[in-house]
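First the structure, in the form of structure tokens, and then the observations on it.
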Amino acid sequence: MLSVLALTSVVLLGIASQCTAISVYTNWEKHVQVGSDVRLSCSFFSWHWTSAEVTFSWSYRPDGAKESVSIFHYTNGAPYIATKGPFRDRLEFVGNPNRRDGSIMIRNVDYNDNGTFTCDAKNPPDIMGHPSNVRLLVFEKVPVQAGVITGAIIGVVLGLLILVVAIYYLMRFLVARRVFSLSMSRHGKKGKGKEGSQQRQAGPSK
Amino acid sequence: MLLLLVGIVILHIAALVLLFVSTIVSAWVVNPASSSDLWINCNTLNGVTKCDTANTGVWIQAVQALMILSIIFSILSLFLFFCQLFTLKKGGRFFLTGAFQILASLFVMCGAIIYTVMNSNWVHPSLFYGYSYILAWVAFPLAFISGLIYVILRKRE
């Protein structure tokens, strides 16, 4: 029985390691105010342990351009920033490769930085996967995100409704208990144990 | 008696359907070249349709929230009606059902009013109101009357 279980688990692990691919995660869009700093986060999921040869690669394609340029590469435990790229002195590596985090920070964004950033992560031997894109949108004043206020209003009203219902049932429960203990105290000293404790509970609650 | 019950339920469901159509269909403001509703603002120029989502505007999000809340409260009221139908004492009134339905109608009214007033921030002011907008205004009195009927109704037999 145990050997069958062990065999099954080995077979499953073998199959699993064959049909895995690395999954790279970034945001969908980033809305920032002009002049501020933006952190572009990138992480990945892989069935293998994080190896020492993990690599992160960021590239940038401006809005309207057809080609993308490579702006950052992390390999062999060291980050490399493209010395001739558009972000050469504004880019900083703020990620932690041991924790599968390959995020970069771009300081002092400008309207020219509007575009699509692509993060590609590889975790040898797991190198098969799709890179992930995040769009950067620079605004003079960041507009309210779609759905934030909608969700807030709906949440508040439904929360109030649940609160009113809960208070109603609580009041009913409390009134029922008070009625119970009041009628007990009228009977005087009959059966001290339980009713005595009921009276003591009713006393301080008033 | 049964006929009255069926009639009331049909009225309630009609108001609910109007609310759904009004919230979902993209026809609050229409124009030969564009249409706009609570969620998206589409313009068609030379055969190319370009749509913006509703992330610019605090008021349009408030209208979205009010319409969704009115749908939720109307559905809750329908559910409560069937609950109270079987659990209410003889001679009791469907207060809770009526209260929820009247609240739903008030939310639709607030949403439609806010949309009418703050419209110009969202779409070009020279466009015409579409049928979703009109349905929202029709759903308000329907839901209100339905709620009032529930409050007045007494359970017999």
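Within each chain, counting starts at residue 1; across the structure tokens, chains are named A, B, ... in the order shown, with ligands numbered 1 upward in that order.
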Enumerate as a ChimeraX atom specification all residues of region 47-189 of chain A assigned to alpha helix (DSSP H) by DSSP on the backbone, naming them with the chain letters and numbers the document uses.
/A:148-186
Name the residues of chain B that fall into strand (DSSP E) according to DSSP on the backbone, using the chain letters and numbers of this document, as a PyMOL selection string.
chain B and resi 29-31+34-36+40-45+48-53+128-129
How would the residues just picked look written out with C-alpha atoms as a JSON list (two decimals), in the first residue's frame?
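This went into result_33.json:
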```
[["chain", "number", "residue", "atom", "x", "y", "z"],
["B", 29, "VAL", "CA", -27.03, 59.02, -23.97],
["B", 30, "VAL", "CA", -27.07, 58.31, -27.69],
["B", 31, "ASN", "CA", -25.99, 60.07, -30.79],
["B", 34, "SER", "CA", -21.61, 57.42, -30.15],
["B", 35, "SER", "CA", -23.32, 55.86, -27.23],
["B", 36, "SER", "CA", -22.62, 56.16, -23.57],
["B", 40, "ILE", "CA", -18.28, 53.08, -20.85],
["B", 41, "ASN", "CA", -18.19, 55.99, -23.25],
["B", 42, "CYS", "CA", -17.90, 54.90, -26.87],
["B", 43, "ASN", "CA", -17.30, 57.06, -29.91],
["B", 44, "THR", "CA", -17.34, 55.83, -33.47],
["B", 45, "LEU", "CA", -15.33, 57.89, -35.93],
["B", 48, "VAL", "CA", -13.35, 52.95, -35.67],
["B", 49, "THR", "CA", -14.90, 52.59, -32.23],
["B", 50, "LYS", "CA", -12.95, 53.95, -29.32],
["B", 51, "CYS", "CA", -14.16, 53.36, -25.78],
["B", 52, "ASP", "CA", -13.16, 54.93, -22.46],
["B", 53, "THR", "CA", -13.99, 53.36, -19.16],
["B", 128, "PHE", "CA", -29.94, 62.95, -26.68],
["B", 129, "TYR", "CA", -30.98, 60.75, -23.81]]
```
How close does chain A get to chain B? List, as JSON lines, each residue of chain A within 7 Å, its nearest atom pair and the distance in Å to one decimal, counting only C-alpha atoms.
```
{"residue": "A:Pro143", "atom": "CA", "partner": "B:Thr56", "partner_atom": "CA", "distance": 5.8}
{"residue": "A:Val144", "atom": "CA", "partner": "B:Asn55", "partner_atom": "CA", "distance": 6.0}
{"residue": "A:Gln145", "atom": "CA", "partner": "B:Asn55", "partner_atom": "CA", "distance": 5.2}
{"residue": "A:Ala146", "atom": "CA", "partner": "B:Asn55", "partner_atom": "CA", "distance": 3.9}
{"residue": "A:Gly147", "atom": "CA", "partner": "B:Gln61", "partner_atom": "CA", "distance": 6.5}
{"residue": "A:Ile149", "atom": "CA", "partner": "B:Gln61", "partner_atom": "CA", "distance": 5.9}
{"residue": "A:Thr150", "atom": "CA", "partner": "B:Ala65", "partner_atom": "CA", "distance": 4.6}
{"residue": "A:Gly151", "atom": "CA", "partner": "B:Ala65", "partner_atom": "CA", "distance": 7.0}
{"residue": "A:Ile153", "atom": "CA", "partner": "B:Ala65", "partner_atom": "CA", "distance": 6.1}
{"residue": "A:Ile154", "atom": "CA", "partner": "B:Ala65", "partner_atom": "CA", "distance": 5.7}
```
Shell around Val32 (chain A) at 10 Å using only C-alpha atoms, local window under 5 positions removed, as a ChimeraX atom specification
/A:37-39,109-110,136-143
Pick out the residues sitting within 10 Å of Ala112 (chain B), and hand them over as a compact mmCIF listing (two decimals) with N, CA and C atoms, in the first residue's frame; count only C-alpha atoms, and ignore anything fewer than 3 positions along from it in its own chain.
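Okay, result.txt is ready:
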```txt
# COMPACT_ATOMS: atom_id res chain seq x y z
N VAL B 63 -23.33 57.12 -9.42
CA VAL B 63 -24.53 56.65 -10.12
C VAL B 63 -24.47 55.14 -10.32
N LEU B 66 -25.36 53.53 -7.03
CA LEU B 66 -26.79 53.63 -6.68
C LEU B 66 -27.63 52.68 -7.52
N MET B 67 -27.32 52.54 -8.81
CA MET B 67 -28.10 51.63 -9.64
C MET B 67 -27.92 50.18 -9.19
N LEU B 106 -35.99 54.65 -4.26
CA LEU B 106 -35.31 55.89 -3.90
C LEU B 106 -33.89 55.93 -4.46
N PHE B 107 -33.20 54.75 -4.43
CA PHE B 107 -31.85 54.71 -4.98
C PHE B 107 -31.86 55.00 -6.48
N VAL B 108 -32.87 54.43 -7.20
CA VAL B 108 -32.94 54.69 -8.63
C VAL B 108 -33.17 56.17 -8.88
N MET B 109 -34.05 56.77 -8.06
CA MET B 109 -34.33 58.19 -8.23
C MET B 109 -33.08 59.02 -8.02
N TYR B 115 -27.30 61.66 -12.35
CA TYR B 115 -26.87 61.56 -13.74
C TYR B 115 -27.34 62.74 -14.55
N THR B 116 -28.61 63.15 -14.33
CA THR B 116 -29.15 64.27 -15.10
C THR B 116 -28.36 65.54 -14.83
N VAL B 117 -28.01 65.76 -13.55
CA VAL B 117 -27.38 67.02 -13.18
C VAL B 117 -25.91 67.05 -13.61
N TYR B 133 -31.82 55.49 -20.08
CA TYR B 133 -32.07 56.57 -19.14
C TYR B 133 -33.57 56.70 -18.85
N ILE B 134 -34.38 56.58 -19.92
CA ILE B 134 -35.83 56.69 -19.74
C ILE B 134 -36.34 55.51 -18.91
N ALA B 136 -34.77 53.99 -16.59
CA ALA B 136 -34.45 54.23 -15.19
C ALA B 136 -35.51 55.12 -14.56
N TRP B 137 -35.92 56.15 -15.29
CA TRP B 137 -36.96 57.02 -14.74
C TRP B 137 -38.31 56.31 -14.64
N PHE B 140 -38.43 53.94 -11.50
CA PHE B 140 -38.60 54.57 -10.19
C PHE B 140 -40.07 54.57 -9.72
```
Spatial neighbours of region 95-99 of chain A, 9 Å, only C-alpha atoms, chain gap at least 5 places, as a PDB file with all heavy atoms, in the first residue's frame:
```pdb
ATOM      1  N   SER A  41       6.488  46.243 -10.178  1.00  0.00           N
ATOM      2  CA  SER A  41       6.793  44.984  -9.506  1.00  0.00           C
ATOM      3  C   SER A  41       6.671  43.824 -10.488  1.00  0.00           C
ATOM      4  O   SER A  41       5.849  43.851 -11.408  1.00  0.00           O
ATOM      5  CB  SER A  41       5.867  44.771  -8.318  1.00  0.00           C
ATOM      6  OG  SER A  41       4.542  44.740  -8.753  1.00  0.00           O
ATOM      7  N   CYS A  42       7.500  42.833 -10.270  1.00  0.00           N
ATOM      8  CA  CYS A  42       7.523  41.654 -11.122  1.00  0.00           C
ATOM      9  C   CYS A  42       7.880  40.466 -10.252  1.00  0.00           C
ATOM     10  O   CYS A  42       8.894  40.504  -9.547  1.00  0.00           O
ATOM     11  CB  CYS A  42       8.564  41.837 -12.231  1.00  0.00           C
ATOM     12  SG  CYS A  42       8.770  40.393 -13.292  1.00  0.00           S
ATOM     13  N   SER A  43       7.050  39.450 -10.280  1.00  0.00           N
ATOM     14  CA  SER A  43       7.403  38.240  -9.540  1.00  0.00           C
ATOM     15  C   SER A  43       6.996  37.046 -10.390  1.00  0.00           C
ATOM     16  O   SER A  43       6.337  37.203 -11.416  1.00  0.00           O
ATOM     17  CB  SER A  43       6.716  38.218  -8.180  1.00  0.00           C
ATOM     18  OG  SER A  43       5.401  37.810  -8.302  1.00  0.00           O
ATOM     19  N   THR A  50      14.100  28.368  -6.168  1.00  0.00           N
ATOM     20  CA  THR A  50      14.727  29.531  -6.781  1.00  0.00           C
ATOM     21  C   THR A  50      16.218  29.273  -6.888  1.00  0.00           C
ATOM     22  O   THR A  50      16.911  29.108  -5.889  1.00  0.00           O
ATOM     23  CB  THR A  50      14.489  30.765  -5.895  1.00  0.00           C
ATOM     24  OG1 THR A  50      13.104  30.839  -5.600  1.00  0.00           O
ATOM     25  CG2 THR A  50      14.917  32.030  -6.604  1.00  0.00           C
ATOM     26  N   SER A  51      16.716  29.209  -8.114  1.00  0.00           N
ATOM     27  CA  SER A  51      18.124  28.849  -8.278  1.00  0.00           C
ATOM     28  C   SER A  51      18.988  30.092  -8.159  1.00  0.00           C
ATOM     29  O   SER A  51      18.518  31.222  -8.157  1.00  0.00           O
ATOM     30  CB  SER A  51      18.332  28.188  -9.640  1.00  0.00           C
ATOM     31  OG  SER A  51      18.386  29.177 -10.638  1.00  0.00           O
ATOM     32  N   ALA A  52      20.296  29.869  -8.067  1.00  0.00           N
ATOM     33  CA  ALA A  52      21.214  30.996  -7.974  1.00  0.00           C
ATOM     34  C   ALA A  52      21.373  31.677  -9.326  1.00  0.00           C
ATOM     35  O   ALA A  52      21.870  32.801  -9.405  1.00  0.00           O
ATOM     36  CB  ALA A  52      22.578  30.508  -7.468  1.00  0.00           C
ATOM     37  N   VAL A  54      18.953  32.637 -11.274  1.00  0.00           N
ATOM     38  CA  VAL A  54      17.698  33.260 -11.695  1.00  0.00           C
ATOM     39  C   VAL A  54      18.005  34.580 -12.396  1.00  0.00           C
ATOM     40  O   VAL A  54      18.936  35.314 -12.009  1.00  0.00           O
ATOM     41  CB  VAL A  54      16.778  33.469 -10.471  1.00  0.00           C
ATOM     42  CG1 VAL A  54      17.377  34.452  -9.489  1.00  0.00           C
ATOM     43  CG2 VAL A  54      15.409  33.904 -10.893  1.00  0.00           C
ATOM     44  N   THR A  55      17.261  34.882 -13.480  1.00  0.00           N
ATOM     45  CA  THR A  55      17.490  36.138 -14.208  1.00  0.00           C
ATOM     46  C   THR A  55      16.179  36.905 -14.337  1.00  0.00           C
ATOM     47  O   THR A  55      15.111  36.326 -14.494  1.00  0.00           O
ATOM     48  CB  THR A  55      18.014  35.886 -15.640  1.00  0.00           C
ATOM     49  OG1 THR A  55      17.002  35.194 -16.370  1.00  0.00           O
ATOM     50  CG2 THR A  55      19.291  35.100 -15.647  1.00  0.00           C
ATOM     51  N   PHE A  56      16.284  38.241 -14.243  1.00  0.00           N
ATOM     52  CA  PHE A  56      15.156  39.133 -14.512  1.00  0.00           C
ATOM     53  C   PHE A  56      15.578  40.063 -15.622  1.00  0.00           C
ATOM     54  O   PHE A  56      16.695  40.578 -15.631  1.00  0.00           O
ATOM     55  CB  PHE A  56      14.792  39.966 -13.281  1.00  0.00           C
ATOM     56  CG  PHE A  56      14.153  39.182 -12.179  1.00  0.00           C
ATOM     57  CD1 PHE A  56      14.907  38.715 -11.120  1.00  0.00           C
ATOM     58  CD2 PHE A  56      12.796  38.911 -12.209  1.00  0.00           C
ATOM     59  CE1 PHE A  56      14.317  37.987 -10.093  1.00  0.00           C
ATOM     60  CE2 PHE A  56      12.201  38.189 -11.193  1.00  0.00           C
ATOM     61  CZ  PHE A  56      12.966  37.721 -10.131  1.00  0.00           C
ATOM     62  N   TYR A  74      19.122  41.369 -14.688  1.00  0.00           N
ATOM     63  CA  TYR A  74      19.716  40.857 -13.435  1.00  0.00           C
ATOM     64  C   TYR A  74      20.191  39.444 -13.721  1.00  0.00           C
ATOM     65  O   TYR A  74      19.411  38.585 -14.129  1.00  0.00           O
ATOM     66  CB  TYR A  74      18.669  40.834 -12.325  1.00  0.00           C
ATOM     67  CG  TYR A  74      19.187  40.273 -11.011  1.00  0.00           C
ATOM     68  CD1 TYR A  74      19.696  41.113 -10.027  1.00  0.00           C
ATOM     69  CD2 TYR A  74      19.164  38.892 -10.766  1.00  0.00           C
ATOM     70  CE1 TYR A  74      20.178  40.603  -8.843  1.00  0.00           C
ATOM     71  CE2 TYR A  74      19.644  38.379  -9.578  1.00  0.00           C
ATOM     72  CZ  TYR A  74      20.151  39.235  -8.627  1.00  0.00           C
ATOM     73  OH  TYR A  74      20.626  38.725  -7.444  1.00  0.00           O
ATOM     74  N   GLY A  77      23.526  37.097  -9.891  1.00  0.00           N
ATOM     75  CA  GLY A  77      23.526  37.759  -8.594  1.00  0.00           C
ATOM     76  C   GLY A  77      23.814  39.233  -8.646  1.00  0.00           C
ATOM     77  O   GLY A  77      24.003  39.860  -7.606  1.00  0.00           O
ATOM     78  N   ILE A 104      11.598  46.938 -10.118  1.00  0.00           N
ATOM     79  CA  ILE A 104      12.480  48.085 -10.348  1.00  0.00           C
ATOM     80  C   ILE A 104      11.747  49.355  -9.983  1.00  0.00           C
ATOM     81  O   ILE A 104      10.524  49.397  -9.974  1.00  0.00           O
ATOM     82  CB  ILE A 104      12.956  48.172 -11.823  1.00  0.00           C
ATOM     83  CG1 ILE A 104      11.755  48.222 -12.765  1.00  0.00           C
ATOM     84  CG2 ILE A 104      13.864  47.017 -12.170  1.00  0.00           C
ATOM     85  CD1 ILE A 104      12.135  48.515 -14.189  1.00  0.00           C
ATOM     86  N   MET A 105      12.528  50.385  -9.665  1.00  0.00           N
ATOM     87  CA  MET A 105      11.937  51.677  -9.282  1.00  0.00           C
ATOM     88  C   MET A 105      12.416  52.708 -10.285  1.00  0.00           C
ATOM     89  O   MET A 105      13.614  52.815 -10.538  1.00  0.00           O
ATOM     90  CB  MET A 105      12.408  52.053  -7.868  1.00  0.00           C
ATOM     91  CG  MET A 105      11.919  53.389  -7.425  1.00  0.00           C
ATOM     92  SD  MET A 105      10.401  53.275  -6.498  1.00  0.00           S
ATOM     93  CE  MET A 105      11.044  53.016  -4.892  1.00  0.00           C
TER      94      MET A 105
END
```
Residues within 9 Å of Lys89 (chain B), please, as a CSV table (one decimal) with all heavy atoms, in the first residue's frame. Count only C-alpha atoms; anything in the same chain fewer than 3 positions from it doesn't count.
```csv
chain,number,residue,atom,x,y,z
B,84,GLN,N,-41.8,36.2,3.7
B,84,GLN,CA,-42.9,36.7,4.6
B,84,GLN,C,-44.2,36.0,4.2
B,84,GLN,O,-45.1,35.9,5.0
B,84,GLN,CB,-43.0,38.2,4.5
B,84,GLN,CG,-41.8,38.9,5.2
B,84,GLN,CD,-42.1,40.3,5.5
B,84,GLN,OE1,-42.5,41.1,4.6
B,84,GLN,NE2,-42.0,40.7,6.7
B,86,PHE,N,-44.8,33.1,3.7
B,86,PHE,CA,-45.1,31.8,4.3
B,86,PHE,C,-44.9,31.9,5.8
B,86,PHE,O,-45.3,31.0,6.6
B,86,PHE,CB,-44.1,30.7,3.8
B,86,PHE,CG,-44.4,30.4,2.3
B,86,PHE,CD1,-43.4,30.6,1.4
B,86,PHE,CD2,-45.6,30.0,1.9
B,86,PHE,CE1,-43.6,30.4,0.1
B,86,PHE,CE2,-45.8,29.7,0.6
B,86,PHE,CZ,-44.8,29.9,-0.3
B,92,GLY,N,-51.0,40.2,9.1
B,92,GLY,CA,-49.8,41.0,9.2
B,92,GLY,C,-49.5,41.7,7.9
B,92,GLY,O,-50.1,41.4,6.8
B,93,ARG,N,-48.7,42.7,8.0
B,93,ARG,CA,-48.3,43.5,6.8
B,93,ARG,C,-46.9,43.2,6.3
B,93,ARG,O,-46.1,42.9,7.2
B,93,ARG,CB,-48.5,45.0,7.1
B,93,ARG,CG,-49.9,45.4,7.1
B,93,ARG,CD,-50.0,46.9,7.3
B,93,ARG,NE,-51.3,47.3,6.8
B,93,ARG,CZ,-51.9,48.4,7.2
B,93,ARG,NH1,-51.3,49.2,8.1
B,93,ARG,NH2,-53.0,48.8,6.6
B,155,LYS,N,-51.9,40.2,5.0
B,155,LYS,CA,-52.0,38.8,4.7
B,155,LYS,C,-53.3,38.2,5.2
B,155,LYS,O,-53.7,38.3,6.4
B,155,LYS,CB,-50.9,38.0,5.4
B,155,LYS,CG,-50.8,36.6,4.9
B,155,LYS,CD,-49.6,35.9,5.5
B,155,LYS,CE,-49.7,34.4,5.0
B,155,LYS,NZ,-48.7,33.6,5.6
B,156,ARG,N,-54.1,37.5,4.3
B,156,ARG,CA,-55.4,36.9,4.7
B,156,ARG,C,-55.2,35.4,4.7
B,156,ARG,O,-54.2,34.8,4.3
B,156,ARG,CB,-56.4,37.3,3.7
B,156,ARG,CG,-56.9,38.8,4.0
B,156,ARG,CD,-58.1,39.0,3.2
B,156,ARG,NE,-58.1,40.4,2.7
B,156,ARG,CZ,-58.7,40.9,1.7
B,156,ARG,NH1,-59.5,40.0,1.0
B,156,ARG,NH2,-58.6,42.1,1.3
```
Pick from A:Ala21, A:Leu91, A:Val164, A:Val4: nearest to Trp58 (chain A), with only C-alpha atoms counted?
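Checking each candidate against Trp58 (chain A), we get A:Leu91 as the closest.
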A:Leu174, A:Ile167, A:Val156, A:Val24: which is nearest Gly102 (chain A), counting only C-alpha atoms?
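Checking each candidate against Gly102 (chain A), we get A:Val24 as the closest.
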